[in-house]
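Here's the structure we're looking at; comments come further down.
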Amino acid sequence: MKHNYLKLIVILFGQLLTIMDIFIINVSIPSIQQSIHASNGEMQFIIAAYLIGFASFLITGGRLGDLYGRKRTFIIGLIFFMVSSIACGISSGAAQLIISRFIQGVSAAMMAPQVLSMMQTLFPKHEERTKAMGWYGITIGIGTILGQFLGGYFSSLTVFEESWRLIFLINIPICLLAVYYSLKQLDESKMEVRQSFDTWGVFVLSAGLFGATYALTASEKEGFTVQNLLLVAISVCILIYFIKNQKDKLKKKRSYLIDFELFQYKNFNLGIIAVSFFFIMLDSYFYILSLFFQDGLKMSPLSAGEVIVFQGLGFILASVFSIKLILKYGKRALIVGLGFIIVILFLQIIFFRIQADFYLLCVLLFLHGVGVGSIIPSLANIALSGMSEKLMGNASGVYNIFQQIAAIIGIVAIGSVFYYFLGEKPLVEDYHKAFSIAVLINIFCLIFVITAVVKVPDYVLPKRKI
């Protein structure tokens, strides 16, 4: 079992990279923009390109792992992530950086499904898997904090003229270590029955997901223009065709990309509902919180970052303690954790005002992080628990894609509500009003999550006296 934990550490390197590179670029935007003379629109797509590539190829990444080996796919993803990181680090213009970030996102999509899949096969027993998922949650917290910290640190270095390039080049030693130990420690696993790869399915699905994520991401800044709405509609039609095409291939026993048998697992469906509403809440919350702090309360980016770090610290701490709580109380611990987040959000509505005490902000964000950290590891555990090994990669990819799309929808939809109530010439009071209404929507999302968790069968997260 100790050997399995060494393997867990190795695959969590991949998870760390995928999370860290979502956040590491945010603090470095001014330095990058000035260095490569990028427009605001180009900077937007430098950030978005990673997420678009990541979301568009998650299911493909999971299927590749199922068919050709999860270890092999994970290592290939690491190598391409390193190469694309080098390309990002030496980029001389916005176009090159956008393309490199997109490839980096695709590489992350090759790694992420293998992490969850291999965790399920390494730790088939509930107790050990729950502990492993706790470390998965800790890795997400560390990646979030480390990304923001390293982004700010490297961008502020004066030793190098363009020190922002280090935020990408730092991935080289991490990837090399991960590849070396993956080759040495990991065992290969894949489907026992060999099938051919559904190339047409990859093309159709990627086109549909790319169009949808591109349109939603663009709508964050541009709003729902006619072009964006049209692209969403076309993407939906492509995805509907994809679903019909896949079902037809399953009936005819031809090669497919998604096995819809996984939707026959009740806990998988409930896990998908729970993670979707949770990430609609979470990513939109971080988005509006940053706007409220910097534009409403006039906090500097450094001060806002210092406060938000406390959220990450709470996340990491809770991920450790949630392991014992889940094993002892089962899904009841999740329900209490969700209720705790709702209480903290209500307190933030009350106390997040212009005269808010700095330490009170830190405490409330720390407690919010505690609530979030107690939930995230178990959502994946719910969705993938009891899944047959032949469906594991598929299930991991689908789970991740729902999470990513939900995050984008949350930012666009709830962000639009925030801007609507903000008005054209907002005062501080208007920022608090817009923040409060957006947070109330977040609370309703959490109520949907609680409803899904309540319906999860007890055997999925059984109680164990420890």
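Convention: chains lettered A, B, ... in structure tokens order; per-chain residue numbering from 1; ligands numbered from 1 as shown.
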
inquiry  = Give me, as number ranges by chain, all polymer residues having an atom no more than 6 Å from region 280-295 of chain A, counting only C-alpha atoms and skipping those fewer than 6 positions away in the same chain.
reply    = A: 406-407, 410-411, 442

task = Compile the contact shell of Glu429 (chain A) as a VMD selection string: residues with an atom at most 12 Å away, counting only C-alpha atoms, same-chain residues fewer than 2 positions apart removed.
result = chain A and resid 292 295 to 297 352 to 355 421 to 423 425 to 427 431 to 436

task = Could you tell me, as a PyMOL selection string, which residues of region 14-216 of chain A DSSP assigns to alpha helix (DSSP H) when given the backbone?
result = chain A and resi 14-23+29-36+40-56+58-68+70-89+94-122+126-156+166-169+171-185+199-216

inquiry  = Just want the 12 Å neighbourhood of Val232 (chain A), counted on only C-alpha atoms, with same-chain residues fewer than 6 positions away dropped. Output as number ranges by chain.
reply    = A: 207-219, 224-226, 238-239, 409

ask   = What does the distance between CA of Gln33 (chain A) and CA of Leu97 (chain A) come to in Å, to one decimal place?
value =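 A separation of 11.1 Å between them.
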
query = Between A:Ser28, A:Gln246, A:Ser378, A:Thr144, which is the closest to Ser163 (chain A) once you count only C-alpha atoms?
reply =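 Closest candidate: A:Ser28.
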